[in-house]
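In what follows, a structure is listed as structure tokens, so that the remarks can point back to it.
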2 protein chains.
Amino acid sequence: MVADAMPESLKGRDDEARAEHVYQLVLEGIVTGEFGQGMRLRERELSEMYDVSRIPVREAIQRLEQDGFVATFPRRGAVVRQLTLTDVNELFDVRLCLEAFAARMAATRVAEGHSGGRLQELLEESRTAIDEGRTDDVVRLSTQIHAEIVRLSGNRLLIDSVKPLFGRMRWIFGLAHNRSNELQRDEHSALCDAILKGRPDLAYSLAYSHIELGREPVLAGLANQLEP
Amino acid sequence: MVADAMPESLKGRDDEARAEHVYQLVLEGIVTGEFGQGMRLRERELSEMYDVSRIPVREAIQRLEQDGFVATFPRRGAVVRQLTLTDVNELFDVRLCLEAFAARMAATRVAEGHSGGRLQELLEESRTAIDEGRTDDVVRLSTQIHAEIVRLSGNRLLIDSVKPLFGRMRWIFGLAHNRSNELQRDEHSALCDAILKGRPDLAYSLAYSHIELGREPVLAGLANQLEP
DNA sequence: GGAACTTTTCTTGTATACCAAAATAGAGTA
DNA sequence: TACTCTATTTTGGTATACAAGAAAAGTTCC
């Protein structure tokens, strides 16, 4: 609300939640590899690094744990989780479950008259990003398309349940590149088309295939980096 | 609070996480109705009530928010969430999605040789509790059966994703009683049987039906208590 | 009397300092 | 070398203080 209009200068962010800030920074550090897997995250170290007190750091670490990025042990603090192939497989299983359902719901809602304009926009942005070879944007837009489909489902609880998964996805896709952008573009096109035309069963099926087809390439790409 | 001789007296209760303790107490208060819907949860109030500092209270409230029991607003603290019929419907939708999938996975794993002994035990405990009319135990065991099925799926991420739902279930089922215990017992029997005999598709179907059949009675029971 | 404006009183969010207990590292000893 | 005992580090927890936003209470003006 009002906070959005606050000055962007980093110094003056008095009233902005520092915990959120720290969360984003540490998350960034984890997905970019600055905080490697197994690295300890010390409260005081982070609080000095980001020039905040321990309280926001504690809150951020708690959230990172709940979102599956770090593991904490009593009296031993937090360490960046070790990502395993099992984790990747579990993620794809749960995604199949929730995102395919979300796609069906989204198509149903569009058929009932809800607008899917944002999805259309994202799809087109993604197309031009692929044509122009902007890889970073392609990955970002792909995630945003998936997120928008879930949002279109209209189920708040579903949206909240999926949110932690997207963080993990970003982490994993940062380690292993996906299949060719053209293949993904075509699948996204077909999926979004089914949703925007209000065809629930087709949308479900396409979402399921799209996600499942992404599993093997990612596993293959990570097989040499991760433990089972 | 100031002059209290707290050093040794408080040390008595061992080093176990106070935040967890506070979380459980407040959660109990919410599901039992002690903290009614819309009631404000003040940090200092709770910290004095449970004789801890504000830090564990903060942590507990953060977890309660993430689990959907309270809503927090910047600089205005936390209030017990207002449960709506939409919430209930969304919960059932997501449960359908995740628990039916978990049932299928559980059956697959049992077919692969994993033990379902705990599920068998819970089922039998539940049967005797129903026969002896111990209503509280019946509700508790019913939830435990559902949790055990998810656990049997072997997917950690799935288990973690479902955990917040069970809290909500307990809350909702505390407000509206479910269908007859005998009906539920039979459905649980059939479902567990399918899992323990390693029949994934049947387990999926039975889980789906069992959950979906529970929706209407709960909605009907809550229709006069909640807003849309 | 009621609406708009101005304090005043909470309450949260954060910072800082401190303590106790556990884990770790290190030194000394058999 | 292996083992025990101590010292350091680090976390988890607490108390206290203060700034700022939100709500409440006065206050003024029509």
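If you're wondering about the labels, chains in the structure tokens are A, B, ... by order shown, residues count from 1 in each chain, ligands from 1 in order shown.
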Chain B near chain A within 12 Å: what's each residue's closest atom pair and its distance in Å to one decimal, counting only C-alpha atoms, ordered by chain then ascending residue number, as a Markdown table?
| residue | atom | partner | partner_atom | distance |
| --- | --- | --- | --- | --- |
| B:Asp15 | CA | A:Pro74 | CA | 10.1 |
| B:Glu16 | CA | A:Pro74 | CA | 9.3 |
| B:Ala17 | CA | A:Pro74 | CA | 8.8 |
| B:Ala19 | CA | A:Gln62 | CA | 11.7 |
| B:Arg54 | CA | A:Ile55 | CA | 11.2 |
| B:Ile55 | CA | A:Ile55 | CA | 8.5 |
| B:Pro56 | CA | A:Glu59 | CA | 11.1 |
| B:Arg58 | CA | A:Glu59 | CA | 8.9 |
| B:Glu59 | CA | A:Glu59 | CA | 7.5 |
| B:Ala60 | CA | A:Gln62 | CA | 10.8 |
| B:Ile61 | CA | A:Glu59 | CA | 11.2 |
| B:Gln62 | CA | A:Glu59 | CA | 8.3 |
| B:Arg63 | CA | A:Gln62 | CA | 8.9 |
| B:Glu65 | CA | A:Arg63 | CA | 11.4 |
| B:Gln66 | CA | A:Gln66 | CA | 8.9 |
| B:Asp67 | CA | A:Asp160 | CA | 9.8 |
| B:Gly68 | CA | A:Leu157 | CA | 8.8 |
| B:Phe73 | CA | A:Met1 | CA | 11.7 |
| B:Pro74 | CA | A:Ala17 | CA | 8.7 |
| B:Arg75 | CA | A:Asp15 | CA | 9.7 |
| B:Thr86 | CA | A:Asn155 | CA | 8.8 |
| B:Asp87 | CA | A:Leu157 | CA | 7.7 |
| B:Val88 | CA | A:Leu157 | CA | 9.9 |
| B:Asn89 | CA | A:Asn155 | CA | 9.1 |
| B:Glu90 | CA | A:Asn155 | CA | 6.0 |
| B:Leu91 | CA | A:Leu157 | CA | 6.8 |
| B:Phe92 | CA | A:Leu157 | CA | 10.0 |
| B:Asp93 | CA | A:Leu158 | CA | 8.4 |
| B:Val94 | CA | A:Leu158 | CA | 6.3 |
| B:Arg95 | CA | A:Leu158 | CA | 9.8 |
| B:Leu96 | CA | A:Phe101 | CA | 9.8 |
| B:Cys97 | CA | A:Cys97 | CA | 6.3 |
| B:Leu98 | CA | A:Cys97 | CA | 6.7 |
| B:Glu99 | CA | A:Cys97 | CA | 9.9 |
| B:Ala100 | CA | A:Cys97 | CA | 9.5 |
| B:Phe101 | CA | A:Cys97 | CA | 7.0 |
| B:Ala102 | CA | A:Val94 | CA | 9.6 |
| B:Arg104 | CA | A:Cys97 | CA | 11.6 |
| B:Met105 | CA | A:Asp93 | CA | 9.9 |
| B:Ser153 | CA | A:Glu90 | CA | 10.5 |
| B:Gly154 | CA | A:Glu90 | CA | 9.2 |
| B:Asn155 | CA | A:Glu90 | CA | 5.9 |
| B:Arg156 | CA | A:Glu90 | CA | 7.3 |
| B:Leu157 | CA | A:Glu90 | CA | 6.2 |
| B:Leu158 | CA | A:Val94 | CA | 6.3 |
| B:Ile159 | CA | A:Val94 | CA | 10.1 |
| B:Asp160 | CA | A:Gln66 | CA | 8.8 |
| B:Ser161 | CA | A:Ser161 | CA | 6.5 |
| B:Val162 | CA | A:Ser161 | CA | 8.6 |
| B:Lys163 | CA | A:Ser161 | CA | 10.5 |
| B:Pro164 | CA | A:Ser161 | CA | 9.0 |
| B:Leu165 | CA | A:Leu157 | CA | 9.1 |
| B:Arg168 | CA | A:Leu157 | CA | 10.8 |
Writer output for current selection, N, CA and C atoms, as a compact mmCIF listing (two decimals), in the first residue's frame:
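Dumped to selection_3.txt:
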# COMPACT_ATOMS: atom_id res chain seq x y z
N ASP B 15 15.69 -26.74 28.40
CA ASP B 15 16.06 -25.88 27.30
C ASP B 15 15.20 -26.08 26.06
N GLU B 16 14.28 -26.99 26.16
CA GLU B 16 13.38 -27.27 25.02
C GLU B 16 12.83 -25.98 24.43
N ALA B 17 12.62 -25.98 23.17
CA ALA B 17 12.25 -24.76 22.48
C ALA B 17 10.95 -24.19 23.04
N ALA B 19 9.45 -21.60 21.84
CA ALA B 19 8.59 -21.17 20.74
C ALA B 19 7.60 -22.28 20.38
N ARG B 54 9.26 -12.04 24.46
CA ARG B 54 8.51 -11.83 23.22
C ARG B 54 9.07 -12.64 22.06
N ILE B 55 10.35 -13.00 22.13
CA ILE B 55 10.95 -13.68 20.98
C ILE B 55 10.28 -15.01 20.66
N PRO B 56 10.12 -15.91 21.62
CA PRO B 56 9.42 -17.16 21.30
C PRO B 56 7.99 -16.90 20.83
N ARG B 58 6.96 -14.29 19.15
CA ARG B 58 7.05 -13.84 17.76
C ARG B 58 7.21 -15.03 16.82
N GLU B 59 8.11 -15.93 17.22
CA GLU B 59 8.35 -17.09 16.37
C GLU B 59 7.09 -17.94 16.24
N ALA B 60 6.41 -18.12 17.36
CA ALA B 60 5.18 -18.91 17.33
C ALA B 60 4.14 -18.25 16.42
N ILE B 61 4.01 -16.95 16.53
CA ILE B 61 3.02 -16.25 15.72
C ILE B 61 3.36 -16.34 14.24
N GLN B 62 4.65 -16.25 13.93
CA GLN B 62 5.04 -16.40 12.53
C GLN B 62 4.63 -17.76 11.98
N ARG B 63 4.84 -18.78 12.79
CA ARG B 63 4.47 -20.12 12.34
C ARG B 63 2.96 -20.25 12.23
N GLU B 65 0.99 -17.95 11.46
CA GLU B 65 0.57 -17.28 10.24
C GLU B 65 0.82 -18.17 9.02
N GLN B 66 2.01 -18.77 9.00
CA GLN B 66 2.33 -19.62 7.85
C GLN B 66 1.42 -20.83 7.77
N ASP B 67 0.93 -21.26 8.91
CA ASP B 67 0.02 -22.40 8.90
C ASP B 67 -1.43 -21.97 8.75
N GLY B 68 -1.66 -20.68 8.58
CA GLY B 68 -2.99 -20.22 8.22
C GLY B 68 -3.96 -20.00 9.36
N PHE B 73 -0.78 -8.09 10.22
CA PHE B 73 -0.73 -6.86 9.44
C PHE B 73 0.40 -6.01 9.98
N PRO B 74 1.16 -5.39 9.09
CA PRO B 74 2.32 -4.61 9.55
C PRO B 74 1.93 -3.58 10.61
N ARG B 75 2.68 -3.59 11.68
CA ARG B 75 2.45 -2.64 12.78
C ARG B 75 1.10 -2.80 13.45
N THR B 86 -15.31 -20.43 1.99
CA THR B 86 -14.32 -20.53 0.91
C THR B 86 -13.08 -21.25 1.38
N ASP B 87 -12.62 -20.91 2.59
CA ASP B 87 -11.45 -21.60 3.15
C ASP B 87 -11.69 -23.10 3.21
N VAL B 88 -12.87 -23.47 3.68
CA VAL B 88 -13.17 -24.89 3.82
C VAL B 88 -13.15 -25.57 2.46
N ASN B 89 -13.77 -24.96 1.48
CA ASN B 89 -13.78 -25.53 0.14
C ASN B 89 -12.37 -25.65 -0.43
N GLU B 90 -11.59 -24.60 -0.24
CA GLU B 90 -10.22 -24.66 -0.75
C GLU B 90 -9.44 -25.78 -0.08
N LEU B 91 -9.65 -25.92 1.22
CA LEU B 91 -8.96 -26.98 1.94
C LEU B 91 -9.30 -28.34 1.35
N PHE B 92 -10.57 -28.56 1.11
CA PHE B 92 -10.97 -29.86 0.56
C PHE B 92 -10.41 -30.07 -0.84
N ASP B 93 -10.36 -29.02 -1.63
CA ASP B 93 -9.79 -29.15 -2.97
C ASP B 93 -8.32 -29.58 -2.91
N VAL B 94 -7.57 -28.90 -2.05
CA VAL B 94 -6.14 -29.22 -1.98
C VAL B 94 -5.93 -30.59 -1.36
N ARG B 95 -6.78 -30.94 -0.39
CA ARG B 95 -6.66 -32.27 0.20
C ARG B 95 -6.90 -33.34 -0.85
N LEU B 96 -7.95 -33.16 -1.64
CA LEU B 96 -8.23 -34.11 -2.72
C LEU B 96 -6.99 -34.34 -3.54
N CYS B 97 -6.37 -33.25 -3.88
CA CYS B 97 -5.21 -33.27 -4.74
C CYS B 97 -4.07 -34.03 -4.10
N LEU B 98 -3.69 -33.63 -2.89
CA LEU B 98 -2.48 -34.17 -2.27
C LEU B 98 -2.71 -35.53 -1.61
N GLU B 99 -3.81 -35.67 -0.91
CA GLU B 99 -3.99 -36.91 -0.15
C GLU B 99 -4.30 -38.09 -1.06
N ALA B 100 -5.06 -37.84 -2.13
CA ALA B 100 -5.33 -38.94 -3.05
C ALA B 100 -4.03 -39.39 -3.70
N PHE B 101 -3.21 -38.42 -4.07
CA PHE B 101 -1.90 -38.74 -4.62
C PHE B 101 -1.06 -39.53 -3.61
N ALA B 102 -1.10 -39.07 -2.36
CA ALA B 102 -0.33 -39.75 -1.31
C ALA B 102 -0.80 -41.19 -1.14
N ARG B 104 -2.10 -43.12 -3.38
CA ARG B 104 -1.57 -43.92 -4.50
C ARG B 104 -0.10 -44.27 -4.27
N MET B 105 0.67 -43.25 -3.89
CA MET B 105 2.09 -43.48 -3.63
C MET B 105 2.28 -44.50 -2.51
N SER B 153 3.67 -42.39 1.94
CA SER B 153 4.02 -42.04 0.56
C SER B 153 5.53 -41.91 0.41
N GLY B 154 6.22 -41.62 1.53
CA GLY B 154 7.67 -41.56 1.50
C GLY B 154 8.22 -40.28 0.90
N ASN B 155 7.34 -39.38 0.51
CA ASN B 155 7.77 -38.13 -0.11
C ASN B 155 7.82 -37.03 0.95
N ARG B 156 9.03 -36.67 1.35
CA ARG B 156 9.19 -35.69 2.42
C ARG B 156 8.53 -34.36 2.09
N LEU B 157 8.72 -33.94 0.86
CA LEU B 157 8.15 -32.66 0.45
C LEU B 157 6.63 -32.70 0.54
N LEU B 158 6.07 -33.83 0.14
CA LEU B 158 4.62 -33.99 0.23
C LEU B 158 4.17 -33.94 1.69
N ILE B 159 4.92 -34.62 2.54
CA ILE B 159 4.59 -34.62 3.97
C ILE B 159 4.60 -33.19 4.51
N ASP B 160 5.64 -32.45 4.16
CA ASP B 160 5.74 -31.07 4.63
C ASP B 160 4.63 -30.20 4.05
N SER B 161 4.27 -30.46 2.80
CA SER B 161 3.23 -29.65 2.18
C SER B 161 1.88 -29.89 2.82
N VAL B 162 1.67 -31.11 3.29
CA VAL B 162 0.37 -31.46 3.84
C VAL B 162 0.24 -31.02 5.30
N LYS B 163 1.37 -30.91 5.99
CA LYS B 163 1.34 -30.65 7.43
C LYS B 163 0.43 -29.47 7.80
N PRO B 164 0.59 -28.31 7.13
CA PRO B 164 -0.29 -27.20 7.52
C PRO B 164 -1.77 -27.50 7.31
N LEU B 165 -2.06 -28.39 6.38
CA LEU B 165 -3.47 -28.69 6.14
C LEU B 165 -4.10 -29.42 7.32
N ARG B 168 -5.38 -27.11 9.93
CA ARG B 168 -6.66 -26.52 9.54
C ARG B 168 -7.79 -27.54 9.69
Show me a table, sorted first by chain and then by increasing residue number, of the residues of chain D having an atom at most 10 Å from chain A, each with its shortest atom pair and the distance in Å to one decimal, counting only C-alpha atoms (C1' of nucleotides) and written as a tab-separated table.
residue	atom	partner	partner_atom	distance
D:DT10	C1'	A:Arg76	CA	7.5
D:DT11	C1'	A:Arg75	CA	5.0
D:DG12	C1'	A:Arg75	CA	6.9
D:DA19	C1'	A:Asp14	CA	9.5
D:DA20	C1'	A:Asp15	CA	7.7
D:DG21	C1'	A:Asp15	CA	8.9
Same residues, C-alpha atoms (C1' of nucleotides), saved as a tab-separated table (two decimals), in the first residue's frame:
chain	number	residue	atom	x	y	z
D	10	DT	C1'	28.08	-20.14	18.78
D	11	DT	C1'	23.46	-20.55	19.44
D	12	DG	C1'	19.01	-19.89	21.92
D	19	DA	C1'	11.37	4.88	16.97
D	20	DA	C1'	7.40	4.79	14.19
D	21	DG	C1'	2.81	3.40	12.70
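Taking region 64-219 of chain A and asking which residues DSSP calls strand (DSSP E or B) on the backbone, you get Val70, Ala71, Thr72, Phe73, Gly77, Ala78, Val79, Val80 and Thr84 of chain A.
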Which neighbours of DA17 (chain C) fall inside 10 Å, counting only C-alpha atoms (C1' of nucleotides), when residues of the same chain fewer than 2 positions from it are skipped, and could you give them as a PDB file with N, CA and C atoms (P, O5', C5', C4', C3', O3' and C1' of nucleotides), in the first residue's frame?
ATOM      1  P    DA C  15      17.736  -3.756  13.185  1.00  0.00           P
ATOM      2  O5'  DA C  15      18.254  -3.179  14.574  1.00  0.00           O
ATOM      3  C5'  DA C  15      18.203  -1.784  14.801  1.00  0.00           C
ATOM      4  C4'  DA C  15      18.845  -1.456  16.138  1.00  0.00           C
ATOM      5  C3'  DA C  15      20.179  -2.144  16.393  1.00  0.00           C
ATOM      6  O3'  DA C  15      21.129  -1.188  16.835  1.00  0.00           O
ATOM      7  C1'  DA C  15      18.669  -2.594  18.176  1.00  0.00           C
ATOM      8  P    DC C  19      26.132 -10.761  31.981  1.00  0.00           P
ATOM      9  O5'  DC C  19      25.337 -12.139  31.841  1.00  0.00           O
ATOM     10  C5'  DC C  19      23.965 -12.209  32.261  1.00  0.00           C
ATOM     11  C4'  DC C  19      23.403 -13.577  31.931  1.00  0.00           C
ATOM     12  C3'  DC C  19      24.357 -14.741  32.253  1.00  0.00           C
ATOM     13  O3'  DC C  19      23.655 -15.728  32.985  1.00  0.00           O
ATOM     14  C1'  DC C  19      23.594 -14.879  30.010  1.00  0.00           C
TER      15       DC C  19
ATOM     16  P    DA D  15      12.650 -12.016  30.539  1.00  0.00           P
ATOM     17  O5'  DA D  15      13.492 -10.675  30.570  1.00  0.00           O
ATOM     18  C5'  DA D  15      14.700 -10.615  31.314  1.00  0.00           C
ATOM     19  C4'  DA D  15      15.338  -9.250  31.155  1.00  0.00           C
ATOM     20  C3'  DA D  15      14.360  -8.067  31.249  1.00  0.00           C
ATOM     21  O3'  DA D  15      14.893  -7.101  32.152  1.00  0.00           O
ATOM     22  C1'  DA D  15      15.613  -7.947  29.221  1.00  0.00           C
ATOM     23  P    DT D  16      14.064  -5.871  32.607  1.00  0.00           P
ATOM     24  O5'  DT D  16      14.533  -4.714  31.628  1.00  0.00           O
ATOM     25  C5'  DT D  16      15.935  -4.511  31.414  1.00  0.00           C
ATOM     26  C4'  DT D  16      16.154  -3.555  30.267  1.00  0.00           C
ATOM     27  C3'  DT D  16      15.152  -2.381  30.198  1.00  0.00           C
ATOM     28  O3'  DT D  16      15.881  -1.166  30.280  1.00  0.00           O
ATOM     29  C1'  DT D  16      15.480  -3.360  28.068  1.00  0.00           C
TER      30       DT D  16
END
For the full set of C-alpha atoms taken in order, report to one decimal the RMSD after fitting chain B onto chain A. 4.9 Å
Check: which chain C residues lie within 10 Å of chain A using only C-alpha atoms (C1' of nucleotides), as a PyMOL selection string: chain C and resi 13-16+21-23
Quick one: write out the picked residues with C-alpha atoms (C1' of nucleotides) as an mmCIF file, in the first residue's frame?
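Listing of selection.cif after writing:
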data_model
loop_
_atom_site.group_PDB
_atom_site.id
_atom_site.type_symbol
_atom_site.label_atom_id
_atom_site.label_comp_id
_atom_site.auth_asym_id
_atom_site.auth_seq_id
_atom_site.Cartn_x
_atom_site.Cartn_y
_atom_site.Cartn_z
ATOM 1 C "C1'" DG C 13 9.632 -3.747 14.784
ATOM 2 C "C1'" DT C 14 14.140 -3.280 15.708
ATOM 3 C "C1'" DA C 15 18.669 -2.594 18.176
ATOM 4 C "C1'" DT C 16 21.716 -3.605 21.819
ATOM 5 C "C1'" DA C 21 24.081 -24.146 27.658
ATOM 6 C "C1'" DA C 22 25.809 -26.844 24.012
ATOM 7 C "C1'" DA C 23 29.089 -27.854 20.452
#
I need the residues of region 19-148 of chain B that end up classed as helix (DSSP H, G or I) by DSSP on the backbone, written out as a ChimeraX atom specification. /B:19-32,43-49,54-66,85-111,117-131,135-148
Would you pick out the contacts of Cys192 (chain B) at 10 Å or less, using only C-alpha atoms (C1' of nucleotides), so that residues sharing its chain but fewer than 5 positions from it are not included, and give the list as a list in words? Ala103, Ala106, Ala107, Gly116, Leu119, Gln120, Leu123, Ile145, His146, Ile149, Asp186, Glu187, Lys197, Gly198, Ala203, Leu206 and Ala207 of chain B
note - CA of Glu112 (chain B) and CA of Arg215 (chain A) are separated by 22.3 Å
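Between CA of Gln24 (chain B) and CA of Gly167 (chain A) the separation is 27.9 Å.
Between CA of Asp131 (chain A) and CA of Arg185 (chain A) the separation is 10.3 Å.
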Write out as number ranges by chain each polymer residue whose atoms come within 12 Å of DG26 (chain C), counting only C-alpha atoms (C1' of nucleotides); drop sequence neighbours fewer than 6 positions from it. D: 5-8
